[in-house]
Amino acid sequence: MKLAKLERAGGNIWAAIKEDGGVDLSPALGGSSIADHLSNDALSRLAEFAAARAPDIDPAEMTYAACLPDPEKIICVGVNYHNRNEEYRDGSEAPKYPSLFMRAPTSFTGHDTPLVRPRESEQLDYEGEIAVVIGKGGRRIARNEAHAHIAGLTLVNEGTVRDWVRHAKFNVTQGKNFDCSGSIGPSIVTADEFDGFDALPLQTRVDGELRQDDTTTNLIFPFDYLIAYISSFTTLKPGDVISTGTPPGAGARLDPPMYLKPGNVVEVSSPAIGALRNGIVDG
(Lines give C-alpha, C1' and ligand atoms only; values in the text may rest on other atoms or scores of the structure.)
Protein backbone atom coordinates (compact mmCIF):
# COMPACT_ATOMS: atom_id res chain seq x y z
CA MET A 1 0.00 0.00 0.00
CA LYS A 2 1.09 3.55 -0.74
CA LEU A 3 0.17 6.17 1.86
CA ALA A 4 0.32 9.83 0.91
CA LYS A 5 -0.41 13.08 2.72
CA LEU A 6 -2.46 15.34 0.47
CA GLU A 7 -3.34 19.00 0.77
CA ARG A 8 -7.06 19.66 0.91
CA ALA A 9 -9.11 22.76 1.61
CA GLY A 10 -8.85 23.44 5.31
CA GLY A 11 -5.97 21.07 5.99
CA ASN A 12 -4.37 17.78 4.98
CA ILE A 13 -5.68 14.23 4.63
CA TRP A 14 -4.02 10.85 4.35
CA ALA A 15 -4.91 8.70 1.36
CA ALA A 16 -4.14 5.28 -0.04
CA ILE A 17 -2.82 5.78 -3.58
CA LYS A 18 -4.01 3.43 -6.32
CA GLU A 19 -3.22 3.48 -10.03
CA ASP A 20 -6.50 5.25 -10.81
CA GLY A 21 -6.67 7.64 -7.88
CA GLY A 22 -6.65 7.95 -4.13
CA VAL A 23 -8.86 6.66 -1.34
CA ASP A 24 -9.45 9.12 1.47
CA LEU A 25 -8.53 7.33 4.70
CA SER A 26 -10.14 9.89 7.00
CA PRO A 27 -13.12 7.65 7.92
CA ALA A 28 -10.76 4.82 8.86
CA LEU A 29 -8.50 7.11 10.91
CA GLY A 30 -11.44 8.50 12.84
CA GLY A 31 -9.72 11.75 13.68
CA SER A 32 -6.62 10.07 15.09
CA SER A 33 -3.07 10.58 13.86
CA ILE A 34 -1.70 8.41 11.07
CA ALA A 35 1.14 7.59 13.48
CA ASP A 36 -1.41 5.67 15.56
CA HIS A 37 -2.05 3.37 12.59
CA LEU A 38 1.48 2.40 11.54
CA SER A 39 1.80 -0.93 13.35
CA ASN A 40 1.44 -4.04 11.18
CA ASP A 41 -2.10 -4.87 12.35
CA ALA A 42 -3.33 -1.30 11.99
CA LEU A 43 -1.78 -0.96 8.52
CA SER A 44 -3.53 -4.17 7.49
CA ARG A 45 -6.86 -2.66 8.54
CA LEU A 46 -6.15 0.49 6.52
CA ALA A 47 -5.23 -1.65 3.50
CA GLU A 48 -8.49 -3.59 3.82
CA PHE A 49 -10.44 -0.33 4.08
CA ALA A 50 -8.77 1.03 0.93
CA ALA A 51 -9.12 -2.22 -1.02
CA ALA A 52 -12.87 -2.27 -0.45
CA ARG A 53 -13.39 1.22 -1.89
CA ALA A 54 -13.13 2.82 -5.30
CA PRO A 55 -10.89 5.87 -5.51
CA ASP A 56 -12.61 9.08 -4.44
CA ILE A 57 -9.71 11.45 -5.22
CA ASP A 58 -8.87 12.19 -8.85
CA PRO A 59 -5.12 12.04 -9.61
CA ALA A 60 -5.36 15.44 -11.26
CA GLU A 61 -6.57 16.91 -7.97
CA MET A 62 -3.75 15.51 -5.82
CA THR A 63 -1.42 18.06 -4.25
CA TYR A 64 1.19 16.35 -2.12
CA ALA A 65 2.13 17.67 1.30
CA ALA A 66 5.39 16.73 2.98
CA CYS A 67 4.93 13.02 3.66
CA LEU A 68 5.61 13.26 7.41
CA PRO A 69 3.47 11.01 9.64
CA ASP A 70 3.56 13.34 12.68
CA PRO A 71 7.12 12.37 13.66
CA GLU A 72 8.45 13.16 17.08
CA LYS A 73 11.94 12.83 15.59
CA ILE A 74 13.47 13.13 12.12
CA ILE A 75 16.94 11.60 12.37
CA CYS A 76 19.35 11.83 9.44
CA VAL A 77 22.47 9.77 8.81
CA GLY A 78 25.59 11.29 7.28
CA VAL A 79 28.22 9.56 5.12
CA ASN A 80 26.53 6.16 5.10
CA TYR A 81 27.52 4.75 1.69
CA HIS A 82 30.98 3.20 1.31
CA ASN A 83 31.69 5.18 -1.86
CA ARG A 84 30.48 8.34 -0.17
CA ASN A 85 33.10 7.93 2.55
CA GLU A 86 35.75 7.48 -0.14
CA GLU A 87 34.46 10.62 -1.88
CA TYR A 88 35.91 12.73 0.94
CA ARG A 89 39.43 11.69 -0.17
CA ASP A 90 40.77 12.02 3.36
CA GLY A 91 42.12 8.47 3.61
CA SER A 92 39.80 7.64 6.48
CA GLU A 93 38.44 4.18 7.05
CA ALA A 94 34.71 3.55 7.19
CA PRO A 95 33.32 5.00 10.43
CA LYS A 96 32.77 2.73 13.42
CA TYR A 97 29.48 4.40 14.32
CA PRO A 98 26.98 6.43 12.27
CA SER A 99 27.04 10.22 12.13
CA LEU A 100 23.60 11.54 13.10
CA PHE A 101 21.80 14.87 13.09
CA MET A 102 18.21 16.07 13.37
CA ARG A 103 15.96 17.96 10.97
CA ALA A 104 12.82 19.95 11.71
CA PRO A 105 9.55 19.18 9.91
CA THR A 106 9.52 22.75 8.54
CA SER A 107 12.67 22.02 6.56
CA PHE A 108 10.70 19.68 4.28
CA THR A 109 8.18 20.27 1.55
CA GLY A 110 6.21 17.78 -0.55
CA HIS A 111 6.42 16.18 -3.97
CA ASP A 112 6.07 18.59 -6.92
CA THR A 113 6.48 21.60 -4.60
CA PRO A 114 9.57 23.78 -5.09
CA LEU A 115 12.56 23.67 -2.80
CA VAL A 116 13.52 27.14 -1.64
CA ARG A 117 17.08 28.39 -2.16
CA PRO A 118 17.42 30.83 0.76
CA ARG A 119 18.52 34.41 0.24
CA GLU A 120 21.40 33.76 2.66
CA SER A 121 23.26 31.39 0.30
CA GLU A 122 23.69 30.20 -3.28
CA GLN A 123 24.93 26.78 -2.16
CA LEU A 124 21.70 24.76 -1.97
CA ASP A 125 22.61 21.15 -2.75
CA TYR A 126 20.66 17.91 -3.31
CA GLU A 127 21.04 14.63 -1.44
CA GLY A 128 18.83 11.76 -2.59
CA GLU A 129 18.03 9.30 0.21
CA ILE A 130 15.75 6.47 1.27
CA ALA A 131 14.01 7.04 4.59
CA VAL A 132 12.64 4.51 7.06
CA VAL A 133 9.33 5.28 8.75
CA ILE A 134 8.95 3.66 12.16
CA GLY A 135 5.73 1.77 12.75
CA LYS A 136 6.30 -0.06 16.01
CA GLY A 137 8.20 1.98 18.56
CA GLY A 138 10.70 0.77 21.10
CA ARG A 139 13.86 1.29 23.09
CA ARG A 140 16.99 -0.87 22.75
CA ILE A 141 15.53 -2.76 19.81
CA ALA A 142 17.51 -5.89 18.95
CA ARG A 143 19.02 -5.78 15.49
CA ASN A 144 17.44 -9.12 14.53
CA GLU A 145 14.02 -7.66 15.39
CA ALA A 146 14.53 -4.24 13.84
CA HIS A 147 12.80 -4.85 10.48
CA ALA A 148 9.56 -5.63 12.33
CA HIS A 149 9.59 -1.99 13.53
CA ILE A 150 9.51 -0.56 9.98
CA ALA A 151 6.13 0.69 8.78
CA GLY A 152 7.44 1.55 5.33
CA LEU A 153 9.90 3.50 3.21
CA THR A 154 9.78 6.86 1.51
CA LEU A 155 12.16 9.11 -0.42
CA VAL A 156 13.96 12.21 0.76
CA ASN A 157 15.83 14.99 -0.95
CA GLU A 158 17.90 15.95 2.07
CA GLY A 159 18.60 19.42 0.71
CA THR A 160 21.64 21.06 2.27
CA VAL A 161 22.92 24.63 2.33
CA ARG A 162 26.61 23.78 2.13
CA ASP A 163 28.31 26.89 3.43
CA TRP A 164 25.99 26.96 6.43
CA VAL A 165 26.95 23.42 7.51
CA ARG A 166 30.46 24.86 8.04
CA HIS A 167 29.45 27.81 10.20
CA ALA A 168 30.34 25.96 13.40
CA LYS A 169 33.11 23.56 14.32
CA PHE A 170 31.09 20.51 15.28
CA ASN A 171 27.54 20.78 13.95
CA VAL A 172 25.65 20.87 10.66
CA THR A 173 22.25 21.87 12.05
CA GLN A 174 22.03 25.30 10.42
CA GLY A 175 22.70 24.10 6.88
CA LYS A 176 20.26 21.22 7.21
CA ASN A 177 17.22 23.12 8.48
CA PHE A 178 16.41 26.05 6.24
CA ASP A 179 12.66 26.13 5.67
CA CYS A 180 11.55 24.12 2.63
CA SER A 181 15.15 23.27 1.67
CA GLY A 182 14.38 19.53 1.47
CA SER A 183 11.49 17.31 0.48
CA ILE A 184 9.96 13.98 1.46
CA GLY A 185 7.52 11.69 -0.34
CA PRO A 186 5.60 11.35 -2.50
CA SER A 187 4.27 8.42 -0.46
CA ILE A 188 5.16 5.86 2.16
CA VAL A 189 5.31 2.37 0.66
CA THR A 190 4.46 -0.11 3.38
CA ALA A 191 7.04 -2.68 4.41
CA ASP A 192 5.00 -5.65 3.17
CA GLU A 193 5.62 -4.47 -0.41
CA PHE A 194 9.36 -5.18 -0.15
CA ASP A 195 11.27 -8.45 -0.41
CA GLY A 196 14.04 -7.24 1.87
CA PHE A 197 15.79 -3.88 2.08
CA ASP A 198 19.37 -4.83 1.19
CA ALA A 199 19.54 -4.08 -2.55
CA LEU A 200 17.25 -1.13 -3.22
CA PRO A 201 18.41 1.10 -6.10
CA LEU A 202 18.56 4.86 -5.52
CA GLN A 203 19.10 7.52 -8.15
CA THR A 204 19.10 11.32 -8.24
CA ARG A 205 18.78 13.37 -11.43
CA VAL A 206 19.08 17.11 -11.96
CA ASP A 207 17.33 18.34 -15.11
CA GLY A 208 17.37 14.72 -16.31
CA GLU A 209 21.13 14.27 -15.78
CA LEU A 210 22.01 11.29 -13.57
CA ARG A 211 24.04 12.55 -10.61
CA GLN A 212 23.68 9.80 -7.99
CA ASP A 213 23.30 6.06 -8.65
CA ASP A 214 23.78 3.42 -5.95
CA THR A 215 21.99 0.71 -4.00
CA THR A 216 21.45 0.02 -0.32
CA THR A 217 23.85 -2.92 -0.72
CA ASN A 218 26.57 -0.32 -0.22
CA LEU A 219 25.27 1.12 3.04
CA ILE A 220 27.88 1.15 5.79
CA PHE A 221 25.10 0.92 8.37
CA PRO A 222 21.98 -0.86 7.01
CA PHE A 223 18.46 -0.20 8.20
CA ASP A 224 18.42 -2.82 10.96
CA TYR A 225 21.71 -1.55 12.42
CA LEU A 226 20.49 2.05 12.42
CA ILE A 227 17.26 1.17 14.21
CA ALA A 228 19.13 -0.86 16.84
CA TYR A 229 21.82 1.81 17.32
CA ILE A 230 19.48 4.81 17.48
CA SER A 231 17.05 3.07 19.82
CA SER A 232 19.93 2.36 22.19
CA PHE A 233 19.94 6.04 23.24
CA THR A 234 16.42 7.27 22.39
CA THR A 235 12.99 5.70 22.30
CA LEU A 236 11.75 5.43 18.72
CA LYS A 237 8.07 6.32 18.34
CA PRO A 238 5.56 5.42 15.60
CA GLY A 239 5.91 7.99 12.84
CA ASP A 240 9.57 8.78 13.52
CA VAL A 241 11.67 9.06 10.36
CA ILE A 242 15.25 7.89 9.80
CA SER A 243 16.78 9.24 6.58
CA THR A 244 19.51 6.73 5.83
CA GLY A 245 22.17 8.71 3.96
CA THR A 246 23.05 9.79 0.43
CA PRO A 247 25.33 8.13 -2.17
CA PRO A 248 28.24 9.86 -3.95
CA GLY A 249 27.50 12.55 -6.50
CA ALA A 250 26.12 15.49 -4.53
CA GLY A 251 26.76 18.83 -6.20
CA ALA A 252 29.37 19.94 -3.68
CA ARG A 253 31.58 16.98 -4.61
CA LEU A 254 31.63 17.66 -8.35
CA ASP A 255 34.55 19.48 -9.98
CA PRO A 256 33.62 22.28 -10.16
CA PRO A 257 30.78 22.16 -7.60
CA MET A 258 27.30 22.40 -9.13
CA TYR A 259 24.73 23.86 -6.76
CA LEU A 260 21.02 24.12 -7.43
CA LYS A 261 19.60 27.20 -9.12
CA PRO A 262 16.07 28.45 -9.74
CA GLY A 263 14.55 26.54 -12.63
CA ASN A 264 16.41 23.27 -11.90
CA VAL A 265 14.33 20.15 -11.35
CA VAL A 266 15.61 17.42 -9.02
CA GLU A 267 14.19 13.89 -9.08
CA VAL A 268 15.03 11.25 -6.48
CA SER A 269 13.82 7.77 -7.42
CA SER A 270 13.81 4.13 -6.41
CA PRO A 271 11.70 1.69 -8.47
CA ALA A 272 9.88 0.07 -5.55
CA ILE A 273 9.19 3.40 -3.83
CA GLY A 274 8.55 5.88 -6.64
CA ALA A 275 9.92 9.26 -7.66
CA LEU A 276 10.16 12.49 -5.65
CA ARG A 277 10.37 15.56 -7.87
CA ASN A 278 10.95 19.21 -6.96
CA GLY A 279 11.80 22.39 -8.78
CA ILE A 280 13.93 25.15 -7.27
CA VAL A 281 12.91 28.75 -6.51
CA ASP A 282 14.56 31.63 -4.72
CA GLY A 283 13.28 32.54 -1.27
# chains A, B, ... in the order shown; residues from 1 in each chain; ligands from 1
>>> select_by_dssp(residues="stretch 50-168 of chain A", states="helix (DSSP H, G or I)", output="ChimeraX atom specification")
/A:50-51,59-61,82-87,105-107,143-149,162-166
>>> write_last_selection(atoms="N, CA and C atoms", output="mmCIF file, in the first residue's frame")
data_model
loop_
_atom_site.group_PDB
_atom_site.id
_atom_site.type_symbol
_atom_site.label_atom_id
_atom_site.label_comp_id
_atom_site.auth_asym_id
_atom_site.auth_seq_id
_atom_site.Cartn_x
_atom_site.Cartn_y
_atom_site.Cartn_z
ATOM 1 N N ALA A 50 -9.021 0.462 2.255
ATOM 2 C CA ALA A 50 -8.770 1.033 0.935
ATOM 3 C C ALA A 50 -9.134 0.062 -0.183
ATOM 4 N N ALA A 51 -8.844 -1.223 0.029
ATOM 5 C CA ALA A 51 -9.116 -2.217 -1.016
ATOM 6 C C ALA A 51 -10.599 -2.356 -1.295
ATOM 7 N N PRO A 59 -6.556 11.749 -9.582
ATOM 8 C CA PRO A 59 -5.117 12.040 -9.609
ATOM 9 C C PRO A 59 -4.799 13.480 -9.976
ATOM 10 N N ALA A 60 -5.602 14.066 -10.835
ATOM 11 C CA ALA A 60 -5.356 15.443 -11.264
ATOM 12 C C ALA A 60 -5.584 16.444 -10.133
ATOM 13 N N GLU A 61 -6.263 16.017 -9.085
ATOM 14 C CA GLU A 61 -6.567 16.908 -7.967
ATOM 15 C C GLU A 61 -5.642 16.679 -6.773
ATOM 16 N N HIS A 82 29.535 3.412 1.348
ATOM 17 C CA HIS A 82 30.983 3.204 1.307
ATOM 18 C C HIS A 82 31.655 4.159 0.322
ATOM 19 N N ASN A 83 31.073 4.301 -0.865
ATOM 20 C CA ASN A 83 31.689 5.181 -1.861
ATOM 21 C C ASN A 83 31.598 6.649 -1.458
ATOM 22 N N ARG A 84 30.610 6.965 -0.662
ATOM 23 C CA ARG A 84 30.476 8.342 -0.170
ATOM 24 C C ARG A 84 31.611 8.671 0.798
ATOM 25 N N ASN A 85 31.973 7.715 1.643
ATOM 26 C CA ASN A 85 33.095 7.935 2.555
ATOM 27 C C ASN A 85 34.390 8.139 1.761
ATOM 28 N N GLU A 86 34.559 7.346 0.704
ATOM 29 C CA GLU A 86 35.749 7.481 -0.137
ATOM 30 C C GLU A 86 35.761 8.813 -0.878
ATOM 31 N N GLU A 87 34.580 9.367 -1.140
ATOM 32 C CA GLU A 87 34.457 10.619 -1.878
ATOM 33 C C GLU A 87 35.115 11.787 -1.144
ATOM 34 N N PRO A 105 10.572 19.390 10.945
ATOM 35 C CA PRO A 105 9.549 19.183 9.909
ATOM 36 C C PRO A 105 9.429 20.351 8.942
ATOM 37 N N THR A 106 9.653 21.578 9.412
ATOM 38 C CA THR A 106 9.516 22.753 8.544
ATOM 39 C C THR A 106 10.595 22.842 7.479
ATOM 40 N N SER A 107 11.625 22.009 7.587
ATOM 41 C CA SER A 107 12.671 22.023 6.563
ATOM 42 C C SER A 107 12.289 21.203 5.337
ATOM 43 N N ARG A 143 18.827 -5.915 16.925
ATOM 44 C CA ARG A 143 19.015 -5.782 15.485
ATOM 45 C C ARG A 143 18.226 -6.847 14.720
ATOM 46 N N ASN A 144 18.158 -8.062 15.254
ATOM 47 C CA ASN A 144 17.440 -9.123 14.533
ATOM 48 C C ASN A 144 15.927 -8.949 14.590
ATOM 49 N N GLU A 145 15.449 -7.952 15.335
ATOM 50 C CA GLU A 145 14.019 -7.662 15.394
ATOM 51 C C GLU A 145 13.684 -6.316 14.755
ATOM 52 N N ALA A 146 14.706 -5.629 14.258
ATOM 53 C CA ALA A 146 14.527 -4.241 13.835
ATOM 54 C C ALA A 146 13.582 -4.090 12.646
ATOM 55 N N HIS A 147 13.646 -4.993 11.671
ATOM 56 C CA HIS A 147 12.805 -4.848 10.480
ATOM 57 C C HIS A 147 11.324 -4.894 10.823
ATOM 58 N N ALA A 148 10.967 -5.564 11.914
ATOM 59 C CA ALA A 148 9.559 -5.629 12.329
ATOM 60 C C ALA A 148 9.059 -4.276 12.834
ATOM 61 N N HIS A 149 9.963 -3.325 13.053
ATOM 62 C CA HIS A 149 9.589 -1.993 13.526
ATOM 63 C C HIS A 149 9.428 -0.999 12.385
ATOM 64 N N ARG A 162 25.260 24.273 1.821
ATOM 65 C CA ARG A 162 26.608 23.775 2.127
ATOM 66 C C ARG A 162 27.452 24.734 2.972
ATOM 67 N N ASP A 163 27.455 26.000 2.645
ATOM 68 C CA ASP A 163 28.314 26.885 3.427
ATOM 69 C C ASP A 163 27.817 27.024 4.864
ATOM 70 N N TRP A 164 26.528 26.851 5.081
ATOM 71 C CA TRP A 164 25.986 26.962 6.433
ATOM 72 C C TRP A 164 26.252 25.723 7.279
ATOM 73 N N VAL A 165 26.576 24.580 6.683
ATOM 74 C CA VAL A 165 26.953 23.417 7.512
ATOM 75 C C VAL A 165 28.363 23.596 8.067
ATOM 76 N N ARG A 166 29.092 24.605 7.572
ATOM 77 C CA ARG A 166 30.459 24.859 8.038
ATOM 78 C C ARG A 166 30.552 26.096 8.929
#
>>> select_by_dssp(residues="stretch 97-251 of chain A", states="strand (DSSP E or B)", output="number ranges by chain")
A: 99-102, 108-109, 115-117, 124-125, 128-134, 138, 150-157, 160-161, 182-190, 201-206, 209-215, 219, 236, 241-243
>>> closest_atom_pairs(of="stretch 124-239 of chain A", to="stretch 27-43 of chain A", cutoff="6 Å", atoms="only C-alpha atoms", output="Markdown table")
| residue | atom | partner | partner_atom | distance |
| --- | --- | --- | --- | --- |
| A:Gly135 | CA | A:Leu38 | CA | 4.5 |
| A:Lys136 | CA | A:Ser39 | CA | 5.3 |
| A:Ala151 | CA | A:Leu38 | CA | 5.7 |
| A:Pro238 | CA | A:Ala35 | CA | 5.4 |
| A:Gly239 | CA | A:Ala35 | CA | 4.8 |
>>> residues_around(residues="A:Thr154", least_positions_apart="6", cutoff="9 Å", atoms="only C-alpha atoms", output="PDB file with N, CA and C atoms, in the first residue's frame")
ATOM      1  N   CYS A  67       5.444  14.322   3.235  1.00  0.00           N
ATOM      2  CA  CYS A  67       4.926  13.018   3.664  1.00  0.00           C
ATOM      3  C   CYS A  67       5.491  12.651   5.044  1.00  0.00           C
ATOM      4  N   GLU A 129      17.935  10.293  -0.859  1.00  0.00           N
ATOM      5  CA  GLU A 129      18.027   9.302   0.207  1.00  0.00           C
ATOM      6  C   GLU A 129      16.754   8.451   0.280  1.00  0.00           C
ATOM      7  N   ILE A 130      16.889   7.294   0.885  1.00  0.00           N
ATOM      8  CA  ILE A 130      15.746   6.474   1.272  1.00  0.00           C
ATOM      9  C   ILE A 130      15.549   6.636   2.769  1.00  0.00           C
ATOM     10  N   ALA A 131      14.309   6.840   3.173  1.00  0.00           N
ATOM     11  CA  ALA A 131      14.007   7.039   4.591  1.00  0.00           C
ATOM     12  C   ALA A 131      13.135   5.907   5.114  1.00  0.00           C
ATOM     13  N   VAL A 132      13.415   5.510   6.339  1.00  0.00           N
ATOM     14  CA  VAL A 132      12.641   4.508   7.065  1.00  0.00           C
ATOM     15  C   VAL A 132      11.613   5.225   7.932  1.00  0.00           C
ATOM     16  N   VAL A 133      10.377   4.772   7.868  1.00  0.00           N
ATOM     17  CA  VAL A 133       9.327   5.283   8.751  1.00  0.00           C
ATOM     18  C   VAL A 133       9.045   4.217   9.810  1.00  0.00           C
ATOM     19  N   ILE A 184      10.183  15.365   1.074  1.00  0.00           N
ATOM     20  CA  ILE A 184       9.962  13.980   1.463  1.00  0.00           C
ATOM     21  C   ILE A 184       8.669  13.487   0.831  1.00  0.00           C
ATOM     22  N   GLY A 185       8.702  12.257   0.293  1.00  0.00           N
ATOM     23  CA  GLY A 185       7.517  11.692  -0.342  1.00  0.00           C
ATOM     24  C   GLY A 185       7.863  10.954  -1.634  1.00  0.00           C
ATOM     25  N   PRO A 186       6.967  10.855  -2.584  1.00  0.00           N
ATOM     26  CA  PRO A 186       5.595  11.353  -2.496  1.00  0.00           C
ATOM     27  C   PRO A 186       4.700  10.540  -1.570  1.00  0.00           C
ATOM     28  N   SER A 187       5.103   9.283  -1.288  1.00  0.00           N
ATOM     29  CA  SER A 187       4.268   8.420  -0.462  1.00  0.00           C
ATOM     30  C   SER A 187       5.144   7.514   0.388  1.00  0.00           C
ATOM     31  N   ILE A 188       4.519   6.905   1.378  1.00  0.00           N
ATOM     32  CA  ILE A 188       5.155   5.856   2.164  1.00  0.00           C
ATOM     33  C   ILE A 188       4.691   4.520   1.596  1.00  0.00           C
ATOM     34  N   VAL A 189       5.629   3.709   1.150  1.00  0.00           N
ATOM     35  CA  VAL A 189       5.305   2.370   0.658  1.00  0.00           C
ATOM     36  C   VAL A 189       5.486   1.402   1.820  1.00  0.00           C
ATOM     37  N   THR A 190       4.426   0.712   2.175  1.00  0.00           N
ATOM     38  CA  THR A 190       4.458  -0.108   3.383  1.00  0.00           C
ATOM     39  C   THR A 190       5.418  -1.284   3.239  1.00  0.00           C
ATOM     40  N   SER A 243      16.294   9.088   7.949  1.00  0.00           N
ATOM     41  CA  SER A 243      16.781   9.240   6.580  1.00  0.00           C
ATOM     42  C   SER A 243      18.189   8.658   6.526  1.00  0.00           C
ATOM     43  N   ILE A 273       9.747   2.351  -4.684  1.00  0.00           N
ATOM     44  CA  ILE A 273       9.191   3.398  -3.832  1.00  0.00           C
ATOM     45  C   ILE A 273       8.523   4.486  -4.659  1.00  0.00           C
ATOM     46  N   GLY A 274       9.127   4.857  -5.784  1.00  0.00           N
ATOM     47  CA  GLY A 274       8.549   5.880  -6.639  1.00  0.00           C
ATOM     48  C   GLY A 274       9.558   6.946  -6.993  1.00  0.00           C
TER      49      GLY A 274
END
>>> residues_around(residues="A:Phe170", least_positions_apart="3", cutoff="12 Å", atoms="only C-alpha atoms", output="list of chain:residue names")
A:Ser99, A:Leu100, A:Phe101, A:Val165, A:Arg166, A:His167, A:Thr173, A:Gln174
>>> closest_residue(among="A:Gly279, A:Gly152, A:Pro248, A:Pro271", to="A:Phe223", atoms="only C-alpha atoms")
A:Gly152
>>> atom_distance(atom1="atom CA of A:Leu236", atom2="atom CA of A:Phe108")
20.3 Å
>>> atom_distance(atom1="atom CA of A:Asp56", atom2="atom CA of A:Met1")
16.2 Å
>>> residues_around(residues="A:Thr234", least_positions_apart="6", cutoff="12 Å", atoms="only C-alpha atoms", output="PyMOL selection string")
chain A and resi 72-73+75+137-141+226-228+240
>>> atom_distance(atom1="atom CA of A:Ala275", atom2="atom CA of A:Ile74")
20.5 Å
>>> closest_residue(among="A:Ile134, A:Gly11, A:Asp255, A:Ser181", to="A:Thr235", atoms="only C-alpha atoms")
A:Ile134
>>> closest_atom_pairs(of="stretch 86-148 of chain A", to="stretch 200-220 of chain A", cutoff="9 Å", atoms="only C-alpha atoms", output="JSON lines")
{"residue": "A:Ala94", "atom": "CA", "partner": "A:Ile220", "partner_atom": "CA", "distance": 7.4}
{"residue": "A:Pro95", "atom": "CA", "partner": "A:Ile220", "partner_atom": "CA", "distance": 8.1}
{"residue": "A:Pro98", "atom": "CA", "partner": "A:Ile220", "partner_atom": "CA", "distance": 8.4}
{"residue": "A:Tyr126", "atom": "CA", "partner": "A:Thr204", "partner_atom": "CA", "distance": 8.4}
{"residue": "A:Glu127", "atom": "CA", "partner": "A:Thr204", "partner_atom": "CA", "distance": 7.8}
{"residue": "A:Gly128", "atom": "CA", "partner": "A:Thr204", "partner_atom": "CA", "distance": 5.7}
{"residue": "A:Glu129", "atom": "CA", "partner": "A:Leu202", "partner_atom": "CA", "distance": 7.3}
{"residue": "A:Ile130", "atom": "CA", "partner": "A:Leu202", "partner_atom": "CA", "distance": 7.5}
>>> write_last_selection(atoms="N, CA, C and O atoms", output="PDB file, in the first residue's frame")
ATOM      1  N   ALA A  94      36.140   3.429   6.937  1.00  0.00           N
ATOM      2  CA  ALA A  94      34.709   3.547   7.190  1.00  0.00           C
ATOM      3  C   ALA A  94      34.481   3.795   8.679  1.00  0.00           C
ATOM      4  O   ALA A  94      35.177   3.229   9.528  1.00  0.00           O
ATOM      5  N   PRO A  95      33.529   4.667   9.018  1.00  0.00           N
ATOM      6  CA  PRO A  95      33.320   5.001  10.426  1.00  0.00           C
ATOM      7  C   PRO A  95      32.849   3.796  11.242  1.00  0.00           C
ATOM      8  O   PRO A  95      32.201   2.887  10.720  1.00  0.00           O
ATOM      9  N   PRO A  98      27.587   5.472  13.199  1.00  0.00           N
ATOM     10  CA  PRO A  98      26.981   6.428  12.267  1.00  0.00           C
ATOM     11  C   PRO A  98      27.039   7.862  12.779  1.00  0.00           C
ATOM     12  O   PRO A  98      26.985   8.115  13.986  1.00  0.00           O
ATOM     13  N   TYR A 126      21.578  19.046  -3.395  1.00  0.00           N
ATOM     14  CA  TYR A 126      20.658  17.910  -3.313  1.00  0.00           C
ATOM     15  C   TYR A 126      21.354  16.746  -2.619  1.00  0.00           C
ATOM     16  O   TYR A 126      22.574  16.589  -2.686  1.00  0.00           O
ATOM     17  N   GLU A 127      20.568  15.906  -1.981  1.00  0.00           N
ATOM     18  CA  GLU A 127      21.045  14.629  -1.443  1.00  0.00           C
ATOM     19  C   GLU A 127      19.876  13.644  -1.499  1.00  0.00           C
ATOM     20  O   GLU A 127      18.983  13.693  -0.654  1.00  0.00           O
ATOM     21  N   GLY A 128      19.878  12.763  -2.481  1.00  0.00           N
ATOM     22  CA  GLY A 128      18.826  11.760  -2.585  1.00  0.00           C
ATOM     23  C   GLY A 128      19.016  10.658  -1.547  1.00  0.00           C
ATOM     24  O   GLY A 128      20.120  10.142  -1.388  1.00  0.00           O
ATOM     25  N   GLU A 129      17.935  10.293  -0.859  1.00  0.00           N
ATOM     26  CA  GLU A 129      18.027   9.302   0.207  1.00  0.00           C
ATOM     27  C   GLU A 129      16.754   8.451   0.280  1.00  0.00           C
ATOM     28  O   GLU A 129      15.689   8.866  -0.188  1.00  0.00           O
ATOM     29  N   ILE A 130      16.889   7.294   0.885  1.00  0.00           N
ATOM     30  CA  ILE A 130      15.746   6.474   1.272  1.00  0.00           C
ATOM     31  C   ILE A 130      15.549   6.636   2.769  1.00  0.00           C
ATOM     32  O   ILE A 130      16.512   6.580   3.536  1.00  0.00           O
TER      33      ILE A 130
END
>>> residues_around(residues="A:Val116", least_positions_apart="6", cutoff="8 Å", atoms="only C-alpha atoms", output="list in words")
Asp179, Cys180, Ser181, Ile280, Val281, Asp282 and Gly283 of chain A
>>> write_last_selection(atoms="N, CA and C atoms", output="PDB file, in the first residue's frame")
ATOM      1  N   ASP A 179      14.029  26.469   6.027  1.00  0.00           N
ATOM      2  CA  ASP A 179      12.658  26.130   5.670  1.00  0.00           C
ATOM      3  C   ASP A 179      12.558  25.713   4.203  1.00  0.00           C
ATOM      4  N   CYS A 180      11.872  24.609   3.978  1.00  0.00           N
ATOM      5  CA  CYS A 180      11.554  24.118   2.626  1.00  0.00           C
ATOM      6  C   CYS A 180      12.805  23.893   1.773  1.00  0.00           C
ATOM      7  N   SER A 181      13.919  23.548   2.407  1.00  0.00           N
ATOM      8  CA  SER A 181      15.151  23.266   1.667  1.00  0.00           C
ATOM      9  C   SER A 181      15.246  21.802   1.252  1.00  0.00           C
ATOM     10  N   ILE A 280      13.182  24.274  -8.168  1.00  0.00           N
ATOM     11  CA  ILE A 280      13.930  25.154  -7.271  1.00  0.00           C
ATOM     12  C   ILE A 280      13.466  26.594  -7.516  1.00  0.00           C
ATOM     13  N   VAL A 281      13.229  27.314  -6.416  1.00  0.00           N
ATOM     14  CA  VAL A 281      12.908  28.747  -6.507  1.00  0.00           C
ATOM     15  C   VAL A 281      13.743  29.498  -5.488  1.00  0.00           C
ATOM     16  N   ASP A 282      13.883  30.777  -5.692  1.00  0.00           N
ATOM     17  CA  ASP A 282      14.564  31.627  -4.715  1.00  0.00           C
ATOM     18  C   ASP A 282      13.588  32.039  -3.623  1.00  0.00           C
ATOM     19  N   GLY A 283      14.117  32.124  -2.387  1.00  0.00           N
ATOM     20  CA  GLY A 283      13.283  32.536  -1.270  1.00  0.00           C
ATOM     21  C   GLY A 283      13.449  34.012  -0.953  1.00  0.00           C
TER      22      GLY A 283
END
>>> closest_residue(among="A:Ala54, A:Leu155, A:Leu254, A:Met62", to="A:Arg8", atoms="only C-alpha atoms")
A:Met62
>>> closest_residue(among="A:Ile242, A:Gly263, A:Ala272, A:Arg253", to="A:Gly196", atoms="only C-alpha atoms")
A:Ala272
